[in-house]
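As provided, my_file-v3.txt (compact mmCIF, C-alpha atoms) reads as follows.
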```txt
# COMPACT_ATOMS: atom_id res chain seq x y z
CA CYS L 23 146.49 84.05 110.82
CA PHE L 24 149.23 83.34 113.34
CA GLU L 25 149.63 82.29 116.93
CA ASP L 26 151.46 84.48 119.42
CA ALA L 27 151.21 84.37 123.19
CA ASN L 28 151.53 88.16 123.28
CA VAL L 29 148.54 88.66 120.96
CA ILE L 30 145.33 87.60 122.64
CA HIS L 31 142.31 86.85 120.47
CA VAL L 32 138.92 87.94 121.81
CA ALA L 33 137.61 84.37 121.42
CA GLY L 34 140.64 82.87 123.14
CA LYS L 35 141.75 80.89 120.08
CA ILE L 36 143.00 81.45 116.53
CA ASP L 37 140.31 80.38 114.08
CA PRO L 38 140.06 82.62 110.98
CA ILE L 39 137.11 80.65 109.57
CA SER L 40 135.14 81.30 112.75
CA ASP L 41 136.09 84.98 112.55
CA ILE L 42 134.84 85.12 108.97
CA ALA L 43 131.56 83.47 109.98
CA VAL L 44 131.01 86.04 112.75
CA ILE L 45 131.63 88.95 110.38
CA ASP L 46 129.45 87.42 107.64
CA THR L 47 126.60 86.96 110.13
CA GLU L 48 126.85 90.55 111.37
CA LEU L 49 126.86 91.92 107.83
CA ALA L 50 123.94 89.67 106.83
CA LEU L 51 121.93 90.89 109.81
CA SER L 52 122.64 94.50 108.87
CA ASP L 53 121.48 93.86 105.30
CA LEU L 54 118.47 91.94 106.58
CA THR L 55 117.31 94.99 108.52
CA THR L 56 117.52 97.10 105.36
CA VAL L 57 115.75 94.48 103.25
CA GLU L 58 112.89 93.99 105.73
CA LYS L 59 112.17 97.72 105.95
CA THR L 60 112.24 98.13 102.18
CA LEU L 61 110.16 94.99 101.63
CA GLN L 62 107.48 96.32 103.95
CA ARG L 63 107.22 99.56 101.96
CA SER L 64 107.39 97.94 98.52
CA SER L 65 104.82 95.26 99.42
CA LYS L 66 102.41 97.93 100.57
CA ALA L 67 102.89 99.88 97.33
CA ALA L 68 102.56 96.70 95.23
CA LYS L 69 99.13 95.90 96.71
CA SER L 70 97.63 98.85 94.85
CA GLY L 71 98.22 96.93 91.62
CA ASN L 72 99.44 100.04 89.81
CA ASP L 73 103.08 100.01 90.84
CA LYS L 74 104.83 97.34 88.76
CA GLU L 75 108.29 98.39 89.90
CA ALA L 76 107.30 98.02 93.56
CA ALA L 77 105.88 94.57 92.81
CA ALA L 78 109.11 93.53 91.07
CA LEU L 79 111.19 94.89 93.96
CA ALA L 80 109.04 93.08 96.52
CA ALA L 81 109.52 89.81 94.64
CA VAL L 82 113.31 90.03 94.57
CA LEU L 83 113.47 91.24 98.19
CA THR L 84 111.50 88.19 99.27
CA LYS L 85 114.19 85.97 97.75
CA VAL L 86 116.95 88.04 99.27
CA GLN L 87 115.32 88.00 102.70
CA ALA L 88 115.14 84.20 102.73
CA HIS L 89 118.80 84.02 101.69
CA LEU L 90 119.95 86.43 104.39
CA ASP L 91 117.91 84.53 106.98
CA GLN L 92 120.36 81.69 106.39
CA ALA L 93 123.28 84.11 107.04
CA GLN L 94 124.27 83.83 103.38
CA PRO L 95 125.65 86.87 101.53
CA VAL L 96 123.55 88.38 98.75
CA ARG L 97 126.45 88.00 96.30
CA SER L 98 126.05 84.20 96.50
CA LEU L 99 122.42 84.43 95.37
CA LYS L 100 121.97 84.03 91.63
CA LEU L 101 120.08 87.10 90.48
CA THR L 102 119.37 88.49 87.04
CA ASP L 103 120.79 91.80 85.85
CA GLU L 104 117.33 93.34 86.25
CA GLU L 105 117.05 92.10 89.84
CA ASN L 106 120.51 93.41 90.70
CA LEU L 107 119.54 96.78 89.24
CA LEU L 108 116.49 96.90 91.52
CA LEU L 109 118.68 96.13 94.53
CA LYS L 110 121.40 98.64 93.71
CA PRO L 111 119.84 101.65 95.52
CA LEU L 112 119.81 99.63 98.77
CA CYS L 113 123.64 99.44 98.79
CA LEU L 114 123.59 96.04 100.49
CA ILE L 115 126.99 95.26 101.98
CA THR L 116 126.90 91.50 101.32
CA ALA L 117 126.02 92.11 97.67
CA LYS L 118 129.47 93.57 97.10
CA PRO L 119 132.44 91.45 95.93
CA ALA L 120 134.57 90.06 98.76
CA MET L 121 138.31 89.92 99.25
CA TYR L 122 140.06 88.33 102.21
CA ILE L 123 143.19 89.87 103.75
CA ALA L 124 145.11 87.50 106.01
CA ASN L 125 147.53 88.94 108.56
CA VAL L 126 150.49 86.59 108.96
CA LYS L 127 153.88 86.58 110.64
CA GLU L 128 157.05 87.36 108.67
CA ASP L 129 157.58 83.65 108.10
CA GLY L 130 153.89 82.84 107.73
CA PHE L 131 153.42 83.29 104.00
CA ASP L 132 154.14 79.59 103.37
CA ASN L 133 153.20 76.41 105.21
CA ASN L 134 150.63 78.27 107.29
CA PRO L 135 147.54 76.16 108.08
CA HIS L 136 145.50 79.21 109.10
CA LEU L 137 146.27 80.94 105.79
CA GLU L 138 145.50 77.73 103.88
CA ALA L 139 142.12 77.53 105.63
CA VAL L 140 141.27 81.07 104.49
CA ILE L 141 142.39 80.31 100.92
CA GLN L 142 140.20 77.19 100.81
CA HIS L 143 137.23 79.09 102.22
CA ALA L 144 137.65 81.94 99.73
CA ALA L 145 137.98 79.51 96.82
CA LYS L 146 134.43 78.30 97.42
CA GLU L 147 133.10 81.73 96.45
CA GLY L 148 135.85 82.64 93.99
CA ALA L 149 137.20 85.40 96.21
CA PRO L 150 140.85 86.50 96.20
CA VAL L 151 143.08 86.24 99.27
CA VAL L 152 145.98 88.59 99.99
CA ALA L 153 148.40 87.64 102.75
CA VAL L 154 150.10 90.59 104.45
CA CYS L 155 152.33 90.96 107.47
CA ALA L 156 151.21 93.96 109.50
CA ALA L 157 154.54 94.00 111.33
CA ILE L 158 156.42 94.40 108.04
CA GLU L 159 154.00 97.05 106.82
CA ALA L 160 154.55 99.02 110.02
CA GLU L 161 158.34 98.85 109.58
CA ILE L 162 158.33 100.12 105.99
CA ALA L 163 155.59 102.74 106.42
CA ASP L 164 158.05 105.58 107.08
CA LEU L 165 160.83 104.45 104.74
CA ASP L 166 161.57 106.26 101.47
CA ASP L 167 161.07 104.37 98.22
CA ALA L 168 164.70 103.27 97.87
CA ASP L 169 164.99 101.95 101.42
CA LYS L 170 161.58 100.31 101.16
CA ALA L 171 162.56 98.48 97.97
CA GLU L 172 165.82 97.30 99.57
CA PHE L 173 164.01 96.14 102.72
CA LEU L 174 161.45 94.17 100.72
CA ALA L 175 164.12 92.69 98.46
CA ASP L 176 165.95 91.34 101.52
CA LEU L 177 162.71 89.57 102.42
CA GLY L 178 162.27 88.22 98.90
CA MET L 179 159.32 90.50 98.13
CA GLU L 180 158.76 92.71 95.10
CA GLU L 181 156.10 94.99 96.55
CA SER L 182 154.48 95.85 99.86
CA GLY L 183 151.37 94.21 101.24
CA LEU L 184 149.47 97.47 100.83
CA ASP L 185 150.35 97.62 97.14
CA ARG L 186 149.24 94.01 96.69
CA VAL L 187 145.93 94.74 98.44
CA ILE L 188 145.31 97.72 96.15
CA ARG L 189 146.21 95.72 93.05
CA ALA L 190 143.92 92.85 94.07
CA GLY L 191 141.11 95.27 94.88
CA TYR L 192 141.36 96.95 91.49
CA LYS L 193 141.31 93.56 89.75
CA LEU L 194 138.32 92.38 91.77
CA LEU L 195 136.32 95.52 90.94
CA GLY L 196 137.40 95.65 87.31
CA LEU L 197 139.18 98.98 87.71
CA GLN L 198 142.28 100.51 86.17
CA THR L 199 144.16 103.81 86.18
CA TYR L 200 145.08 106.38 83.57
CA PHE L 201 147.15 109.52 84.04
CA THR L 202 147.06 113.15 83.05
CA ALA L 203 150.48 114.80 83.14
CA GLY L 204 151.01 118.54 83.05
CA VAL L 205 153.92 120.81 83.86
CA LYS L 206 152.78 121.36 87.45
CA GLU L 207 151.31 118.00 88.40
CA VAL L 208 150.60 114.42 87.43
CA ARG L 209 147.22 112.97 88.43
CA ALA L 210 145.86 109.44 88.43
CA TRP L 211 142.22 108.76 87.52
CA THR L 212 140.31 105.56 88.24
CA ILE L 213 138.07 104.09 85.54
CA HIS L 214 136.53 100.72 84.69
CA LYS L 215 138.29 98.31 82.39
CA GLY L 216 136.74 98.61 78.95
CA ASP L 217 135.95 102.32 79.29
CA THR L 218 136.40 104.32 76.10
CA ALA L 219 138.38 107.55 75.87
CA PRO L 220 135.24 109.77 76.17
CA GLN L 221 134.12 107.83 79.26
CA ALA L 222 137.57 108.25 80.78
CA ALA L 223 137.43 111.97 80.04
CA GLY L 224 134.06 112.18 81.77
CA VAL L 225 135.68 111.14 85.05
CA ILE L 226 137.48 114.49 85.05
CA HIS L 227 134.43 116.51 83.99
CA THR L 228 131.23 115.72 82.13
CA ASP L 229 132.03 118.53 79.67
CA PHE L 230 135.11 116.59 78.60
CA GLU L 231 132.98 113.60 77.66
CA ARG L 232 130.21 115.60 76.02
CA GLY L 233 132.57 117.64 73.84
CA PHE L 234 135.23 114.98 73.29
CA ILE L 235 137.25 115.36 70.08
CA ARG L 236 140.27 113.11 70.57
CA ALA L 237 142.81 111.98 73.15
CA GLN L 238 146.53 112.46 72.73
CA THR L 239 147.79 109.15 74.10
CA ILE L 240 151.13 107.84 75.33
CA ALA L 241 151.58 104.34 76.74
CA PHE L 242 152.93 104.34 80.30
CA GLU L 243 156.07 102.41 79.37
CA ASP L 244 156.85 104.89 76.58
CA PHE L 245 156.24 107.87 78.87
CA ILE L 246 158.79 106.49 81.35
CA GLN L 247 161.32 105.32 78.77
CA PHE L 248 161.44 108.64 76.91
CA LYS L 249 161.26 110.75 80.08
CA GLY L 250 157.93 112.46 79.64
CA GLU L 251 155.61 113.87 77.01
CA SER L 252 158.21 115.78 74.99
CA GLY L 253 160.56 112.83 74.68
CA ALA L 254 157.73 110.44 73.79
CA LYS L 255 156.41 112.87 71.18
CA GLU L 256 159.86 113.24 69.59
CA ALA L 257 160.19 109.44 69.49
CA GLY L 258 156.85 109.18 67.69
CA LYS L 259 155.16 107.47 70.62
CA MET L 260 152.31 109.98 71.02
CA ARG L 261 149.21 109.04 69.03
CA ALA L 262 145.76 110.53 68.53
CA GLU L 263 142.88 108.27 69.56
CA GLY L 264 139.20 108.81 68.80
CA LYS L 265 135.88 108.08 70.47
CA GLU L 266 136.09 104.30 70.05
CA TYR L 267 139.48 103.92 71.71
CA VAL L 268 139.43 101.65 74.77
CA VAL L 269 141.77 103.09 77.37
CA LYS L 270 144.57 100.82 78.59
CA ASP L 271 145.87 100.63 82.13
CA GLY L 272 148.56 103.26 82.68
CA ASP L 273 147.83 105.33 79.56
CA VAL L 274 148.88 108.98 79.79
CA LEU L 275 146.14 111.06 78.16
CA ASN L 276 145.60 114.65 77.12
CA PHE L 277 142.02 115.35 76.04
CA LEU L 278 140.95 117.75 73.32
CA PHE L 279 137.32 118.79 73.59
CA ASN L 280 134.87 121.50 72.56
CA VAL L 281 131.57 122.42 74.19
```
In structure tokens, what does this structure look like?
Amino acid sequence: CFEDANVIHVAGKIDPISDIAVIDTELALSDLTTVEKTLQRSSKAAKSGNDKEAAALAAVLTKVQAHLDQAQPVRSLKLTDEENLLLKPLCLITAKPAMYIANVKEDGFDNNPHLEAVIQHAAKEGAPVVAVCAAIEAEIADLDDADKAEFLADLGMEESGLDRVIRAGYKLLGLQTYFTAGVKEVRAWTIHKGDTAPQAAGVIHTDFERGFIRAQTIAFEDFIQFKGESGAKEAGKMRAEGKEYVVKDGDVLNFLFNV
């Protein structure tokens, strides 16, 4: 989303909305190929009259096919939960949530008509937009954390574009992170917002979920403030949570289980 004589666009002009339209069309055509093949099989199976699931799938695919024929993404088609469940095995690309990442110049985060055009386009479908400067990202890629923070601060930024993309992606997909911290390593685990402690444990291993007893839990802020598990425990910040506990973003957990 910037103009530079040294950066030549394949179309000969800078038009992010046109670029989006080209990509959307290509993705819709890819999904259309998948839908048409599956519709052919499901329609054939539905004609027997004994396969209700095939008949239901054929019905929803017919709607999806007509929508894709107009180069419209599947995510913009209002479908029921049951219809979405039928479509899930097809892994249609345009059924997935969308996020737009706009590459701008160092001074292109504000008063940028190209960026504004992307924001307005994304707003029509309720999609987030993250503006990043690839040149800045390239400069800070090899810096250590301290130098990176200083570099970004000089630019008036609190975090890198990559971090903002990750944060926006997690929010869009309804994801969050919890940690397990041992003597040798600390690991981050991705779960859905609203997951309970047993569900979070199951991400590590299904045995953890099946035999869940309780989760020794420390809030992230407390873990940092009191310098780890021992300090948090001495400060009374470690608590035992049961099966109904909804895990919070950043929780540090230690699972007790028995199988």
Check your understanding: So which one's closest to Asn125 (chain L), L:Val140, L:Asp91, L:Lys193, L:Thr47? Using only C-alpha atoms, please.
Key -> L:Val140
Review point. Neighbours of Ile36 (chain L) within 12 Å (all atoms listed in the file; same-chain residues fewer than 4 positions away dropped), as an MDAnalysis selection string?
Key: chainID L and resid 23:27 29:32 40:42 125:126 135:137 139
Practice item. Compare L:Leu108, L:Ile240, L:Leu54, L:Ala67 by their minimum atom-to-atom distance to Ala88 (chain L), counting all atoms listed in the file, and give me the closest one. Key: L:Leu54
Review point. Do you know which residues are at most 9 Å from region 256-259 of chain L counting only C-alpha atoms, after dropping those on the same chain fewer than 4 positions away, and could you put them as an NGL selection string?
Key: :L and (239-241 or 244-245 or 248 or 251-252)
Review point. Using all atoms listed in the file, which of L:Lys215, L:Lys110, L:Lys85, L:Arg186 sits nearest Val268 (chain L)?
Key: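 Between L:Lys215, L:Lys110, L:Lys85, L:Arg186, the residue approaching Val268 (chain L) most closely is L:Lys215.
Residues with any atom within 12 Å of Glu243 (chain L), counting all atoms listed in the file and excluding same-chain neighbours fewer than 6 positions away, are Lys249, Gly250, Glu251, Ala254, Lys259, Met260, Lys270, Asp271, Gly272, Asp273 and Val274 of chain L.
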Can you tell me, as a compact mmCIF listing (two decimals) with C-alpha atoms, keeping the file's coordinate frame, what residues are no more than 9 Å from Gln94 (chain L) when counting only C-alpha atoms, ignoring any on the same chain fewer than 6 positions away?
```
# COMPACT_ATOMS: atom_id res chain seq x y z
CA ASP L 46 129.45 87.42 107.64
CA THR L 47 126.60 86.96 110.13
CA ALA L 50 123.94 89.67 106.83
CA THR L 116 126.90 91.50 101.32
```
Practice item. Enumerate, as a PyMOL selection string, the protein, DNA and RNA residues whose atoms approach (123.7, 101.1, 105.8) to within 10 Å, taking into account only C-alpha atoms and the coordinate frame of the file. Key: chain L and resi 49+52-53+55-56+112-115
Next, dump the selected residues to file, keeping only C-alpha atoms, as a CSV table (one decimal), in the coordinates of the input.
```
chain,number,residue,atom,x,y,z
L,49,LEU,CA,126.9,91.9,107.8
L,52,SER,CA,122.6,94.5,108.9
L,53,ASP,CA,121.5,93.9,105.3
L,55,THR,CA,117.3,95.0,108.5
L,56,THR,CA,117.5,97.1,105.4
L,112,LEU,CA,119.8,99.6,98.8
L,113,CYS,CA,123.6,99.4,98.8
L,114,LEU,CA,123.6,96.0,100.5
L,115,ILE,CA,127.0,95.3,102.0
```
Study note, to complete from the structure: CA of Cys155 (chain L) sits from CA of Lys127 (chain L) at a separation of 5.6 Å
Point to revise | Shortest interatomic distance to Lys59 (chain L) - which of L:Ala77, L:Leu83, L:Val151, L:Ala163, counting all atoms listed in the file | key: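 Of L:Ala77, L:Leu83, L:Val151, L:Ala163, the one nearest Lys59 (chain L), counting all atoms listed in the file, is L:Leu83.
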Review point. By how many Å are CA of Arg261 (chain L) and CA of His227 (chain L) apart?
Key: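 Straight-line distance from CA of Arg261 (chain L) to CA of His227 (chain L) works out to 22.3 Å.
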Practice item. Have a look at L:Ala81, L:Ala153, L:Thr228, L:Thr202 and name the one nearest to Asp185 (chain L); count all atoms listed in the file. Key: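 That would be L:Ala153, the residue with the smallest distance to Asp185 (chain L).
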Review point. Pick the closest to Ile123 (chain L) from L:Val187, L:Ala93, L:Leu177, L:Ala78: which is it, counting only C-alpha atoms?
Key: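 Closest to Ile123 (chain L) of all the choices is L:Val187.
Across the structure, CA of Lys118 (chain L) and CA of Leu101 (chain L) are spaced 13.2 Å apart.
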Check your understanding: So which residues are close to (131.4, 113.0, 75.3), meaning at most 12 Å away in the file's coordinates with only C-alpha atoms counted, and can you show them as a PyMOL selection string?
Key -> chain L and resi 218-237+264-266+277-281
Exercise for review: Might you pull out every residue within 7 Å of Thr212 (chain L), with all atoms listed in the file counted and same-chain residues fewer than 4 positions away left off, and present them as a list in words?
Suggested key: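 Listing them by chain and then by number gives Leu197, Gln198, Thr199 and Tyr200 of chain L.
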Expected file for region 35-46 of chain L keeping all heavy atoms, as a PDB file, in the first residue's frame:
```pdb
ATOM      1  N   LYS L  35       0.260  -0.589 -11.692  1.00  0.00           N
ATOM      2  CA  LYS L  35      -0.325   0.466 -10.862  1.00  0.00           C
ATOM      3  C   LYS L  35      -0.577  -0.077  -9.457  1.00  0.00           C
ATOM      4  O   LYS L  35      -0.675  -1.291  -9.253  1.00  0.00           O
ATOM      5  CB  LYS L  35      -1.646   0.956 -11.456  1.00  0.00           C
ATOM      6  CG  LYS L  35      -2.726  -0.111 -11.531  1.00  0.00           C
ATOM      7  CD  LYS L  35      -4.030   0.465 -12.070  1.00  0.00           C
ATOM      8  CE  LYS L  35      -5.119  -0.618 -12.108  1.00  0.00           C
ATOM      9  NZ  LYS L  35      -6.413  -0.088 -12.564  1.00  0.00           N
ATOM     10  N   ILE L  36      -0.683   0.828  -8.494  1.00  0.00           N
ATOM     11  CA  ILE L  36      -0.942   0.439  -7.105  1.00  0.00           C
ATOM     12  C   ILE L  36      -2.438   0.534  -6.852  1.00  0.00           C
ATOM     13  O   ILE L  36      -3.005   1.632  -6.820  1.00  0.00           O
ATOM     14  CB  ILE L  36      -0.177   1.338  -6.118  1.00  0.00           C
ATOM     15  CG1 ILE L  36       1.320   1.350  -6.456  1.00  0.00           C
ATOM     16  CG2 ILE L  36      -0.413   0.868  -4.681  1.00  0.00           C
ATOM     17  CD1 ILE L  36       1.961  -0.028  -6.404  1.00  0.00           C
ATOM     18  N   ASP L  37      -3.073  -0.613  -6.692  1.00  0.00           N
ATOM     19  CA  ASP L  37      -4.513  -0.659  -6.445  1.00  0.00           C
ATOM     20  C   ASP L  37      -4.814  -1.883  -5.576  1.00  0.00           C
ATOM     21  O   ASP L  37      -5.101  -2.963  -6.088  1.00  0.00           O
ATOM     22  CB  ASP L  37      -5.277  -0.750  -7.770  1.00  0.00           C
ATOM     23  CG  ASP L  37      -6.785  -0.658  -7.580  1.00  0.00           C
ATOM     24  OD1 ASP L  37      -7.249  -0.716  -6.426  1.00  0.00           O
ATOM     25  OD2 ASP L  37      -7.509  -0.556  -8.595  1.00  0.00           O
ATOM     26  N   PRO L  38      -4.714  -1.719  -4.242  1.00  0.00           N
ATOM     27  CA  PRO L  38      -4.904  -2.872  -3.345  1.00  0.00           C
ATOM     28  C   PRO L  38      -6.273  -3.527  -3.465  1.00  0.00           C
ATOM     29  O   PRO L  38      -6.395  -4.739  -3.291  1.00  0.00           O
ATOM     30  CB  PRO L  38      -4.684  -2.280  -1.951  1.00  0.00           C
ATOM     31  CG  PRO L  38      -4.890  -0.809  -2.109  1.00  0.00           C
ATOM     32  CD  PRO L  38      -4.427  -0.484  -3.482  1.00  0.00           C
ATOM     33  N   ILE L  39      -7.307  -2.757  -3.785  1.00  0.00           N
ATOM     34  CA  ILE L  39      -8.644  -3.334  -3.911  1.00  0.00           C
ATOM     35  C   ILE L  39      -8.704  -4.256  -5.117  1.00  0.00           C
ATOM     36  O   ILE L  39      -9.319  -5.337  -5.073  1.00  0.00           O
ATOM     37  CB  ILE L  39      -9.707  -2.227  -4.020  1.00  0.00           C
ATOM     38  CG1 ILE L  39      -9.624  -1.299  -2.802  1.00  0.00           C
ATOM     39  CG2 ILE L  39     -11.102  -2.847  -4.123  1.00  0.00           C
ATOM     40  CD1 ILE L  39      -9.708  -2.005  -1.464  1.00  0.00           C
ATOM     41  N   SER L  40      -8.045  -3.867  -6.195  1.00  0.00           N
ATOM     42  CA  SER L  40      -7.966  -4.730  -7.373  1.00  0.00           C
ATOM     43  C   SER L  40      -7.179  -5.993  -7.056  1.00  0.00           C
ATOM     44  O   SER L  40      -7.547  -7.094  -7.487  1.00  0.00           O
ATOM     45  CB  SER L  40      -7.306  -3.970  -8.527  1.00  0.00           C
ATOM     46  OG  SER L  40      -7.160  -4.818  -9.658  1.00  0.00           O
ATOM     47  N   ASP L  41      -6.103  -5.853  -6.294  1.00  0.00           N
ATOM     48  CA  ASP L  41      -5.304  -7.016  -5.888  1.00  0.00           C
ATOM     49  C   ASP L  41      -6.148  -7.987  -5.073  1.00  0.00           C
ATOM     50  O   ASP L  41      -6.077  -9.215  -5.263  1.00  0.00           O
ATOM     51  CB  ASP L  41      -4.094  -6.576  -5.066  1.00  0.00           C
ATOM     52  CG  ASP L  41      -3.092  -5.776  -5.888  1.00  0.00           C
ATOM     53  OD1 ASP L  41      -3.167  -5.847  -7.133  1.00  0.00           O
ATOM     54  OD2 ASP L  41      -2.251  -5.088  -5.283  1.00  0.00           O
ATOM     55  N   ILE L  42      -6.927  -7.440  -4.158  1.00  0.00           N
ATOM     56  CA  ILE L  42      -7.799  -8.278  -3.324  1.00  0.00           C
ATOM     57  C   ILE L  42      -8.811  -9.017  -4.193  1.00  0.00           C
ATOM     58  O   ILE L  42      -9.069 -10.215  -3.998  1.00  0.00           O
ATOM     59  CB  ILE L  42      -8.524  -7.411  -2.266  1.00  0.00           C
ATOM     60  CG1 ILE L  42      -7.526  -6.909  -1.222  1.00  0.00           C
ATOM     61  CG2 ILE L  42      -9.642  -8.215  -1.582  1.00  0.00           C
ATOM     62  CD1 ILE L  42      -8.110  -5.882  -0.263  1.00  0.00           C
ATOM     63  N   ALA L  43      -9.375  -8.318  -5.170  1.00  0.00           N
ATOM     64  CA  ALA L  43     -10.375  -8.925  -6.056  1.00  0.00           C
ATOM     65  C   ALA L  43      -9.774 -10.083  -6.845  1.00  0.00           C
ATOM     66  O   ALA L  43     -10.415 -11.133  -7.026  1.00  0.00           O
ATOM     67  CB  ALA L  43     -10.942  -7.876  -7.002  1.00  0.00           C
ATOM     68  N   VAL L  44      -8.536  -9.916  -7.309  1.00  0.00           N
ATOM     69  CA  VAL L  44      -7.860 -10.977  -8.069  1.00  0.00           C
ATOM     70  C   VAL L  44      -7.661 -12.215  -7.189  1.00  0.00           C
ATOM     71  O   VAL L  44      -7.948 -13.348  -7.599  1.00  0.00           O
ATOM     72  CB  VAL L  44      -6.506 -10.486  -8.603  1.00  0.00           C
ATOM     73  CG1 VAL L  44      -5.697 -11.656  -9.166  1.00  0.00           C
ATOM     74  CG2 VAL L  44      -6.711  -9.440  -9.682  1.00  0.00           C
ATOM     75  N   ILE L  45      -7.175 -11.980  -5.971  1.00  0.00           N
ATOM     76  CA  ILE L  45      -6.938 -13.100  -5.049  1.00  0.00           C
ATOM     77  C   ILE L  45      -8.251 -13.778  -4.678  1.00  0.00           C
ATOM     78  O   ILE L  45      -8.347 -15.019  -4.662  1.00  0.00           O
ATOM     79  CB  ILE L  45      -6.208 -12.604  -3.784  1.00  0.00           C
ATOM     80  CG1 ILE L  45      -4.810 -12.111  -4.147  1.00  0.00           C
ATOM     81  CG2 ILE L  45      -6.123 -13.718  -2.740  1.00  0.00           C
ATOM     82  CD1 ILE L  45      -4.076 -11.418  -3.017  1.00  0.00           C
ATOM     83  N   ASP L  46      -9.272 -12.985  -4.368  1.00  0.00           N
ATOM     84  CA  ASP L  46     -10.583 -13.551  -4.020  1.00  0.00           C
ATOM     85  C   ASP L  46     -11.127 -14.417  -5.160  1.00  0.00           C
ATOM     86  O   ASP L  46     -11.698 -15.487  -4.922  1.00  0.00           O
ATOM     87  CB  ASP L  46     -11.580 -12.435  -3.706  1.00  0.00           C
ATOM     88  CG  ASP L  46     -11.374 -11.845  -2.315  1.00  0.00           C
ATOM     89  OD1 ASP L  46     -10.646 -12.465  -1.515  1.00  0.00           O
ATOM     90  OD2 ASP L  46     -11.945 -10.772  -2.035  1.00  0.00           O
TER      91      ASP L  46
END
```
